[in-house]
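S.K.: Input file: run_32.cif. Contents: mmCIF, C-alpha atoms.
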data_start
loop_
_atom_site.label_atom_id
_atom_site.label_comp_id
_atom_site.auth_asym_id
_atom_site.auth_seq_id
_atom_site.Cartn_x
_atom_site.Cartn_y
_atom_site.Cartn_z
CA ASP A 6 0.00 0.00 0.00
CA THR A 7 1.67 3.19 -1.19
CA GLU A 8 -1.38 5.32 -0.76
CA VAL A 9 -1.77 8.70 0.85
CA THR A 10 -5.46 9.55 1.19
CA GLN A 11 -6.71 13.10 1.41
CA THR A 12 -10.23 14.29 2.16
CA PRO A 13 -12.17 16.10 0.97
CA LYS A 14 -11.17 16.21 -2.71
CA HIS A 15 -12.85 19.57 -3.20
CA LEU A 16 -13.81 22.25 -0.68
CA VAL A 17 -15.50 25.61 -1.06
CA MET A 18 -15.51 27.78 2.03
CA GLY A 19 -16.36 31.32 2.98
CA MET A 20 -13.88 33.65 4.60
CA THR A 21 -15.54 33.29 8.00
CA ASN A 22 -15.74 29.50 7.95
CA LYS A 23 -13.66 26.95 9.84
CA LYS A 24 -12.83 23.74 8.04
CA SER A 25 -10.25 20.97 8.22
CA LEU A 26 -8.33 19.00 5.62
CA LYS A 27 -7.39 15.44 6.44
CA CYS A 28 -4.56 13.19 5.34
CA GLU A 29 -3.94 9.55 6.15
CA GLN A 30 -1.19 7.04 5.34
CA HIS A 31 -0.55 3.51 6.58
CA MET A 32 2.96 2.98 5.22
CA GLY A 33 4.60 3.64 8.58
CA HIS A 34 6.23 6.83 7.28
CA ARG A 35 7.30 9.08 10.12
CA ALA A 36 7.61 12.29 8.11
CA MET A 37 4.47 13.97 6.79
CA TYR A 38 4.11 17.21 4.86
CA TRP A 39 1.62 19.85 3.81
CA TYR A 40 2.18 21.71 0.56
CA LYS A 41 0.24 24.45 -1.19
CA GLN A 42 0.23 24.55 -4.98
CA LYS A 43 -1.07 27.31 -7.21
CA ALA A 44 -1.71 26.75 -10.91
CA LYS A 45 1.45 26.32 -13.01
CA LYS A 46 3.68 26.61 -9.95
CA PRO A 47 5.59 23.92 -8.05
CA PRO A 48 4.35 22.71 -4.65
CA GLU A 49 5.33 25.11 -1.89
CA LEU A 50 6.27 23.57 1.44
CA MET A 51 4.11 24.70 4.37
CA PHE A 52 4.70 22.30 7.27
CA VAL A 53 6.70 19.19 8.07
CA TYR A 54 5.96 16.76 10.87
CA SER A 55 8.65 14.35 11.91
CA TYR A 56 7.73 11.65 14.43
CA GLU A 57 4.49 13.53 15.11
CA LYS A 58 6.31 16.72 16.06
CA LEU A 59 6.22 19.88 13.99
CA SER A 60 9.74 20.28 12.65
CA ILE A 61 9.29 22.89 9.94
CA ASN A 62 6.86 25.78 9.61
CA GLU A 63 7.70 27.77 6.52
CA SER A 64 6.40 31.11 7.80
CA VAL A 65 2.82 30.10 7.14
CA PRO A 66 0.08 32.50 8.37
CA SER A 67 -1.65 31.45 11.57
CA ARG A 68 -4.95 31.01 9.76
CA PHE A 69 -3.45 27.63 8.77
CA SER A 70 -2.99 25.35 11.76
CA PRO A 71 -1.53 21.85 11.36
CA GLU A 72 -2.11 18.94 13.68
CA CYS A 73 -0.68 15.43 13.80
CA PRO A 74 -2.88 13.31 16.10
CA ASN A 75 -0.88 10.13 15.46
CA SER A 76 1.69 8.67 13.11
CA SER A 77 -0.90 7.92 10.41
CA LEU A 78 -2.92 11.13 10.40
CA LEU A 79 -2.24 14.74 9.52
CA ASN A 80 -4.79 17.52 9.63
CA LEU A 81 -4.75 21.10 8.42
CA HIS A 82 -7.23 23.36 10.20
CA LEU A 83 -8.38 26.40 8.25
CA HIS A 84 -9.89 29.55 9.71
CA ALA A 85 -10.57 33.02 8.32
CA LEU A 86 -8.94 32.27 4.97
CA GLN A 87 -8.56 34.77 2.17
CA PRO A 88 -9.45 34.30 -1.51
CA GLU A 89 -5.73 34.16 -2.35
CA ASP A 90 -5.51 30.99 -0.25
CA SER A 91 -7.46 29.18 -2.96
CA ALA A 92 -5.12 26.45 -4.23
CA LEU A 93 -4.46 22.72 -4.33
CA TYR A 94 -3.35 21.50 -0.90
CA LEU A 95 -1.17 18.41 -1.05
CA CYS A 96 -0.19 16.04 1.70
CA ALA A 97 2.88 13.83 1.39
CA SER A 98 4.64 11.22 3.48
CA ASN A 99 8.27 10.15 3.33
CA SER A 100 10.09 6.98 4.33
CA GLY A 101 13.50 8.44 3.59
CA THR A 102 13.98 6.90 0.17
CA GLU A 103 10.45 7.25 -1.17
CA ALA A 104 7.96 10.06 -0.77
CA PHE A 105 4.36 9.82 -1.90
CA PHE A 106 1.68 12.43 -2.39
CA GLY A 107 -2.04 12.30 -1.88
CA GLN A 108 -4.35 13.46 -4.64
CA GLY A 109 -4.85 16.78 -2.94
CA THR A 110 -7.74 18.94 -1.81
CA ARG A 111 -8.75 21.66 -4.23
CA LEU A 112 -9.74 24.56 -2.00
CA THR A 113 -11.73 27.57 -3.14
CA VAL A 114 -12.22 30.47 -0.73
CA VAL A 115 -15.15 32.73 -1.60
CA GLY B 30 18.60 27.56 2.61
CA GLN B 31 17.72 26.06 -0.75
CA ASN B 32 18.50 27.16 -4.28
CA ILE B 33 17.17 24.86 -7.01
CA ASP B 34 17.41 25.59 -10.73
CA GLN B 35 15.69 23.79 -13.61
CA PRO B 36 14.82 24.88 -17.15
CA THR B 37 11.27 26.18 -17.24
CA GLU B 38 10.15 24.53 -20.45
CA MET B 39 11.39 21.89 -22.90
CA THR B 40 9.97 20.37 -26.07
CA ALA B 41 10.95 17.02 -27.52
CA THR B 42 9.72 14.66 -30.20
CA GLU B 43 7.90 11.39 -29.63
CA GLY B 44 10.39 8.50 -29.60
CA ALA B 45 13.35 10.73 -28.79
CA ILE B 46 15.47 11.07 -25.63
CA VAL B 47 15.36 14.15 -23.41
CA GLN B 48 17.52 15.17 -20.44
CA ILE B 49 16.14 17.50 -17.79
CA ASN B 50 18.83 19.12 -15.66
CA CYS B 51 18.65 20.30 -12.08
CA THR B 52 21.32 22.21 -10.16
CA TYR B 53 20.95 22.83 -6.47
CA GLN B 54 22.49 24.27 -3.35
CA THR B 55 21.20 22.95 -0.05
CA SER B 56 22.08 23.11 3.63
CA GLY B 57 23.71 19.70 3.73
CA PHE B 58 22.49 16.96 1.41
CA ASN B 59 20.35 13.94 2.10
CA GLY B 60 19.21 12.69 -1.28
CA LEU B 61 17.35 14.04 -4.29
CA PHE B 62 13.89 13.13 -5.56
CA TRP B 63 12.38 13.48 -9.02
CA TYR B 64 8.63 13.71 -9.54
CA GLN B 65 6.32 13.80 -12.53
CA GLN B 66 3.18 15.91 -12.34
CA HIS B 67 0.43 16.01 -14.95
CA ALA B 68 -1.76 19.09 -15.00
CA GLY B 69 -4.41 18.97 -12.29
CA GLU B 70 -2.95 15.87 -10.66
CA ALA B 71 -0.70 15.16 -7.69
CA PRO B 72 3.05 14.63 -8.16
CA THR B 73 4.09 11.03 -8.79
CA PHE B 74 7.35 9.72 -7.35
CA LEU B 75 9.87 8.77 -10.06
CA SER B 76 13.26 8.31 -8.42
CA TYR B 77 15.52 8.91 -5.46
CA ASN B 78 19.30 9.33 -5.64
CA VAL B 79 21.56 9.61 -2.64
CA LEU B 80 24.86 8.32 -4.07
CA ASP B 81 26.65 9.56 -7.17
CA GLY B 82 25.86 7.83 -10.41
CA LEU B 83 23.01 6.72 -12.57
CA GLU B 84 19.86 4.93 -11.39
CA GLU B 85 17.83 3.31 -14.15
CA LYS B 86 14.14 2.47 -13.97
CA GLY B 87 12.73 1.40 -17.29
CA ARG B 88 12.50 4.37 -19.67
CA PHE B 89 13.49 6.80 -16.90
CA SER B 90 16.95 7.23 -15.42
CA SER B 91 18.24 9.71 -12.88
CA PHE B 92 21.82 10.83 -12.36
CA LEU B 93 23.44 12.54 -9.41
CA SER B 94 26.75 14.31 -8.83
CA ARG B 95 26.91 15.50 -5.24
CA SER B 96 30.19 17.39 -5.66
CA LYS B 97 28.70 19.43 -8.51
CA GLY B 98 25.26 19.88 -6.95
CA TYR B 99 23.80 18.48 -10.15
CA SER B 100 21.23 15.93 -11.18
CA TYR B 101 19.44 15.05 -14.37
CA LEU B 102 16.42 13.01 -15.35
CA LEU B 103 16.74 11.13 -18.62
CA LEU B 104 13.60 10.04 -20.44
CA LYS B 105 14.00 7.59 -23.31
CA GLU B 106 11.57 6.54 -26.06
CA LEU B 107 9.38 9.50 -25.32
CA GLN B 108 5.63 9.01 -25.44
CA MET B 109 2.90 11.61 -25.70
CA LYS B 110 1.82 10.78 -22.15
CA ASP B 111 5.23 11.94 -20.89
CA SER B 112 4.08 15.53 -21.45
CA ALA B 113 4.05 16.80 -17.86
CA SER B 114 5.99 18.88 -15.38
CA TYR B 115 9.10 17.28 -13.89
CA LEU B 116 10.07 18.42 -10.42
CA CYS B 117 13.47 18.15 -8.81
CA ALA B 118 13.49 18.04 -5.00
CA PRO B 119 16.83 17.87 -3.18
CA ARG B 120 16.62 17.23 0.52
CA GLY B 121 18.88 19.00 3.00
CA THR B 122 20.02 17.46 6.24
CA GLY B 123 17.85 17.59 9.31
CA ALA B 124 14.12 17.97 9.77
CA ASN B 125 13.14 16.03 6.63
CA ASN B 126 12.76 19.19 4.59
CA LEU B 127 11.73 18.54 0.98
CA PHE B 128 11.65 21.60 -1.25
CA PHE B 129 10.82 21.63 -4.94
CA GLY B 130 12.46 23.42 -7.81
CA THR B 131 10.36 25.44 -10.22
CA GLY B 132 9.74 22.35 -12.34
CA THR B 133 10.32 21.76 -16.03
CA ARG B 134 7.26 21.64 -18.25
CA LEU B 135 7.97 19.04 -20.95
CA THR B 136 5.90 18.97 -24.12
CA VAL B 137 6.20 15.90 -26.34
CA ILE B 138 5.24 16.53 -29.94
CA PRO B 139 4.47 13.98 -32.68
#
Show the structure stored in the file as structure tokens.
M.R.:
Amino acid sequence: DTEVTQTPKHLVMGMTNKKSLKCEQHMGHRAMYWYKQKAKKPPELMFVYSYEKLSINESVPSRFSPECPNSSLLNLHLHALQPEDSALYLCASNSGTEAFFGQGTRLTVV
Amino acid sequence: GQNIDQPTEMTATEGAIVQINCTYQTSGFNGLFWYQQHAGEAPTFLSYNVLDGLEEKGRFSSFLSRSKGYSYLLLKELQMKDSASYLCAPRGTGANNLFFGTGTRLTVIP
């Protein structure tokens, strides 16, 4: 099983809403990532969790709040987003020699 | 910090061979990943190099020179479906960081 599962696949939210993105993997990978990707741009690293501890926060605004409840799950809590936050949000996990992405959540902020 | 350089766009003919270069500067070095990404889809893992030399996987090969901060992805017997973006991601030491270059958009023409 080399699958990283993200839910939901699509999300439309208003600027006052609170929502969460979810990511799950059962490969035993201990590093998990959130990326943001705008059209025709490469994925941009947001957060890295290593052994369930936040190890990298790439100066992401506080309206994005990551959480790693256990070694298989990674959440991204969203609050008071702006229209410019509309993008594809990708989760990835890494064993060291292989790193796999989920299919992403396409987020639209209205 | 990270500095990753790839050509922005390349065009090649079906059946031909194409080489996509990546030069990088990282804080330490802990391997380099190559990904393929079709428009609107998640990145797909292609290869991982941590030692110098060439790794071959079917039609795709990846080369690494750590002393030169240089890698390339070689695609043989190009097919139309190989039209995609190709992303180079060197990993620095510590904290499992995984940053992407700008990506190379490859167009395969008949």
S.K.: Residues of chain B near chain A: apply a cut-off of 8 Å, count all atoms listed in the file, and supply the list as number ranges by chain.
M.R.: B: 60, 70-74, 76-77, 116, 124-132
S.K.: What residues come out when you apply the PyMOL selection byres ((chain A and resi 76-87) around 7) to this file, written as JSON, numbers by chain?
M.R.: {"A": [20, 21, 22, 23, 24, 25, 26, 27, 28, 29, 30, 31, 35, 56, 57, 68, 69, 70, 71, 72, 73, 74, 75, 88, 89, 90, 114]}
S.K.: How many Å separate atom CA of B:Gly44 from atom CA of B:Pro139?
M.R.: 8.6 Å
S.K.: Carefully work through the PyMOL selection byres ((chain B and resi 50) around 10) for this structure and note down the residues it includes, as a list of chain:residue names.
M.R.: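 On the file shown, the PyMOL selection byres ((chain B and resi 50) around 10) covers B:Asp34, B:Gln35, B:Pro36, B:Val47, B:Gln48, B:Ile49, B:Cys51, B:Thr52, B:Ser91, B:Phe92, B:Tyr99, B:Ser100, B:Tyr101, B:Leu102, B:Leu103, B:Cys117, B:Thr133.
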S.K.: Between atom CA of B:Ala68 and atom CA of A:Ser91, what distance in Å does the model show, to one decimal?
M.R.: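 Pair atom CA of B:Ala68 / atom CA of A:Ser91 returns 16.7 Å.
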S.K.: For the PyMOL selection byres ((chain B and resi 136) around 12), applied here, can you spell out every residue it catches as a ChimeraX atom specification?
M.R.: /B:37-43,47,67-68,107-115,133-135,137-139
S.K.: Would you write out those residues with C-alpha atoms, as a PDB file, in the frame of the given file?
M.R.:
ATOM      1  CA  THR B  37      11.270  26.180 -17.240  1.00  0.00           C
ATOM      2  CA  GLU B  38      10.150  24.530 -20.450  1.00  0.00           C
ATOM      3  CA  MET B  39      11.390  21.890 -22.900  1.00  0.00           C
ATOM      4  CA  THR B  40       9.970  20.370 -26.070  1.00  0.00           C
ATOM      5  CA  ALA B  41      10.950  17.020 -27.520  1.00  0.00           C
ATOM      6  CA  THR B  42       9.720  14.660 -30.200  1.00  0.00           C
ATOM      7  CA  GLU B  43       7.900  11.390 -29.630  1.00  0.00           C
ATOM      8  CA  VAL B  47      15.360  14.150 -23.410  1.00  0.00           C
ATOM      9  CA  HIS B  67       0.430  16.010 -14.950  1.00  0.00           C
ATOM     10  CA  ALA B  68      -1.760  19.090 -15.000  1.00  0.00           C
ATOM     11  CA  LEU B 107       9.380   9.500 -25.320  1.00  0.00           C
ATOM     12  CA  GLN B 108       5.630   9.010 -25.440  1.00  0.00           C
ATOM     13  CA  MET B 109       2.900  11.610 -25.700  1.00  0.00           C
ATOM     14  CA  LYS B 110       1.820  10.780 -22.150  1.00  0.00           C
ATOM     15  CA  ASP B 111       5.230  11.940 -20.890  1.00  0.00           C
ATOM     16  CA  SER B 112       4.080  15.530 -21.450  1.00  0.00           C
ATOM     17  CA  ALA B 113       4.050  16.800 -17.860  1.00  0.00           C
ATOM     18  CA  SER B 114       5.990  18.880 -15.380  1.00  0.00           C
ATOM     19  CA  TYR B 115       9.100  17.280 -13.890  1.00  0.00           C
ATOM     20  CA  THR B 133      10.320  21.760 -16.030  1.00  0.00           C
ATOM     21  CA  ARG B 134       7.260  21.640 -18.250  1.00  0.00           C
ATOM     22  CA  LEU B 135       7.970  19.040 -20.950  1.00  0.00           C
ATOM     23  CA  VAL B 137       6.200  15.900 -26.340  1.00  0.00           C
ATOM     24  CA  ILE B 138       5.240  16.530 -29.940  1.00  0.00           C
ATOM     25  CA  PRO B 139       4.470  13.980 -32.680  1.00  0.00           C
TER      26      PRO B 139
END
S.K.: In Å, rounded to a single decimal, give me how far atom CA of B:Lys105 is from atom CA of A:Glu8.
M.R.: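 Going from atom CA of A:Glu8 over to atom CA of B:Lys105, I get 27.4 Å.
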S.K.: So, with only C-alpha atoms as the atoms that count, which of A:Thr113, A:Ser67, A:Thr12, A:Asn62 lies closest to A:Trp39?
M.R.: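 Counting only C-alpha atoms, the residue closest to A:Trp39 is A:Asn62.
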S.K.: Would you kindly identify which residues have an atom no farther than 8 Å from (18.7, 12.9, -2.5), using all atoms listed in the file and the file's own coordinates, and write them out as an MDAnalysis selection string?
M.R.: chainID B and resid 58:62 77:80 118:120
S.K.: Rank nothing, just name the residue among B:Gly87, B:Gly98, B:Gly121, B:Gly69 nearest to A:Lys43, using only C-alpha atoms.
M.R.: B:Gly69
S.K.: Just checking: using all atoms listed in the file, which residue out of A:Ser98, A:Val115, A:Ala92, A:Val65 ends up closest to A:Lys14?
M.R.: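 With all atoms listed in the file as the atom set, the closest residue is A:Ala92.
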S.K.: Could you add whatever atoms are missing so that stretch 50-61 of chain A carries all heavy atoms, then write the result as an mmCIF file, keeping the file's coordinate frame?
M.R.:
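Result saved to part_27.cif:
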data_model
loop_
_atom_site.group_PDB
_atom_site.id
_atom_site.type_symbol
_atom_site.label_atom_id
_atom_site.label_comp_id
_atom_site.auth_asym_id
_atom_site.auth_seq_id
_atom_site.Cartn_x
_atom_site.Cartn_y
_atom_site.Cartn_z
ATOM 1 N N LEU A 50 6.303 24.216 0.140
ATOM 2 C CA LEU A 50 6.270 23.570 1.440
ATOM 3 C C LEU A 50 5.664 24.495 2.494
ATOM 4 O O LEU A 50 6.046 25.664 2.599
ATOM 5 C CB LEU A 50 7.679 23.156 1.849
ATOM 6 C CG LEU A 50 7.827 22.361 3.136
ATOM 7 C CD1 LEU A 50 7.115 21.016 3.046
ATOM 8 C CD2 LEU A 50 9.302 22.156 3.471
ATOM 9 N N MET A 51 4.714 23.934 3.274
ATOM 10 C CA MET A 51 4.110 24.700 4.370
ATOM 11 C C MET A 51 4.609 24.180 5.722
ATOM 12 O O MET A 51 5.137 24.930 6.524
ATOM 13 C CB MET A 51 2.583 24.567 4.315
ATOM 14 C CG MET A 51 1.941 25.085 3.053
ATOM 15 S SD MET A 51 0.168 24.736 3.004
ATOM 16 C CE MET A 51 -0.467 25.896 4.216
ATOM 17 N N PHE A 52 4.382 22.894 5.969
ATOM 18 C CA PHE A 52 4.700 22.300 7.270
ATOM 19 C C PHE A 52 5.301 20.916 7.074
ATOM 20 O O PHE A 52 4.949 20.200 6.142
ATOM 21 C CB PHE A 52 3.423 22.130 8.122
ATOM 22 C CG PHE A 52 2.668 23.387 8.410
ATOM 23 C CD1 PHE A 52 1.480 23.653 7.746
ATOM 24 C CD2 PHE A 52 3.137 24.290 9.352
ATOM 25 C CE1 PHE A 52 0.765 24.813 8.009
ATOM 26 C CE2 PHE A 52 2.427 25.449 9.622
ATOM 27 C CZ PHE A 52 1.230 25.710 8.947
ATOM 28 N N VAL A 53 6.183 20.546 8.018
ATOM 29 C CA VAL A 53 6.700 19.190 8.070
ATOM 30 C C VAL A 53 6.525 18.665 9.488
ATOM 31 O O VAL A 53 6.874 19.351 10.454
ATOM 32 C CB VAL A 53 8.203 19.127 7.709
ATOM 33 C CG1 VAL A 53 8.693 17.679 7.761
ATOM 34 C CG2 VAL A 53 8.453 19.729 6.349
ATOM 35 N N TYR A 54 6.003 17.464 9.594
ATOM 36 C CA TYR A 54 5.960 16.760 10.870
ATOM 37 C C TYR A 54 6.913 15.583 10.791
ATOM 38 O O TYR A 54 6.900 14.814 9.823
ATOM 39 C CB TYR A 54 4.545 16.251 11.178
ATOM 40 C CG TYR A 54 3.700 17.261 11.892
ATOM 41 C CD1 TYR A 54 3.034 18.262 11.190
ATOM 42 C CD2 TYR A 54 3.579 17.244 13.275
ATOM 43 C CE1 TYR A 54 2.266 19.205 11.844
ATOM 44 C CE2 TYR A 54 2.802 18.187 13.944
ATOM 45 C CZ TYR A 54 2.151 19.165 13.216
ATOM 46 O OH TYR A 54 1.392 20.099 13.876
ATOM 47 N N SER A 55 7.718 15.455 11.838
ATOM 48 C CA SER A 55 8.650 14.350 11.910
ATOM 49 C C SER A 55 8.418 13.657 13.250
ATOM 50 O O SER A 55 8.532 14.311 14.296
ATOM 51 C CB SER A 55 10.080 14.862 11.796
ATOM 52 O OG SER A 55 10.999 13.825 11.764
ATOM 53 N N TYR A 56 8.071 12.381 13.205
ATOM 54 C CA TYR A 56 7.730 11.650 14.430
ATOM 55 C C TYR A 56 6.672 12.416 15.238
ATOM 56 O O TYR A 56 6.799 12.593 16.447
ATOM 57 C CB TYR A 56 8.970 11.360 15.263
ATOM 58 C CG TYR A 56 9.866 10.326 14.628
ATOM 59 C CD1 TYR A 56 10.828 10.687 13.693
ATOM 60 C CD2 TYR A 56 9.717 8.975 14.929
ATOM 61 C CE1 TYR A 56 11.614 9.725 13.074
ATOM 62 C CE2 TYR A 56 10.502 8.006 14.322
ATOM 63 C CZ TYR A 56 11.448 8.392 13.398
ATOM 64 O OH TYR A 56 12.238 7.450 12.790
ATOM 65 N N GLU A 57 5.660 12.866 14.531
ATOM 66 C CA GLU A 57 4.490 13.530 15.110
ATOM 67 C C GLU A 57 4.787 14.868 15.758
ATOM 68 O O GLU A 57 3.923 15.430 16.443
ATOM 69 C CB GLU A 57 3.768 12.590 16.084
ATOM 70 C CG GLU A 57 3.217 11.354 15.401
ATOM 71 C CD GLU A 57 3.347 10.104 16.265
ATOM 72 O OE1 GLU A 57 2.777 10.103 17.358
ATOM 73 O OE2 GLU A 57 4.016 9.146 15.827
ATOM 74 N N LYS A 58 5.978 15.392 15.535
ATOM 75 C CA LYS A 58 6.310 16.720 16.060
ATOM 76 C C LYS A 58 6.534 17.669 14.882
ATOM 77 O O LYS A 58 7.170 17.300 13.883
ATOM 78 C CB LYS A 58 7.560 16.662 16.916
ATOM 79 C CG LYS A 58 7.379 15.964 18.237
ATOM 80 C CD LYS A 58 8.614 16.129 19.096
ATOM 81 C CE LYS A 58 8.531 15.585 20.496
ATOM 82 N NZ LYS A 58 7.363 14.875 20.904
ATOM 83 N N LEU A 59 6.034 18.892 15.029
ATOM 84 C CA LEU A 59 6.220 19.880 13.990
ATOM 85 C C LEU A 59 7.692 20.252 13.916
ATOM 86 O O LEU A 59 8.265 20.745 14.893
ATOM 87 C CB LEU A 59 5.364 21.110 14.284
ATOM 88 C CG LEU A 59 5.403 22.226 13.239
ATOM 89 C CD1 LEU A 59 4.820 21.755 11.906
ATOM 90 C CD2 LEU A 59 4.641 23.449 13.741
ATOM 91 N N SER A 60 8.316 19.998 12.763
ATOM 92 C CA SER A 60 9.740 20.280 12.650
ATOM 93 C C SER A 60 10.023 21.462 11.734
ATOM 94 O O SER A 60 11.054 22.093 11.832
ATOM 95 C CB SER A 60 10.500 19.045 12.161
ATOM 96 O OG SER A 60 10.014 18.614 10.905
ATOM 97 N N ILE A 61 9.109 21.750 10.825
ATOM 98 C CA ILE A 61 9.290 22.890 9.940
ATOM 99 C C ILE A 61 7.949 23.606 9.770
ATOM 100 O O ILE A 61 6.927 22.982 9.515
ATOM 101 C CB ILE A 61 9.800 22.471 8.545
ATOM 102 C CG1 ILE A 61 11.215 21.930 8.633
ATOM 103 C CG2 ILE A 61 9.756 23.643 7.563
ATOM 104 C CD1 ILE A 61 11.787 21.463 7.309
#
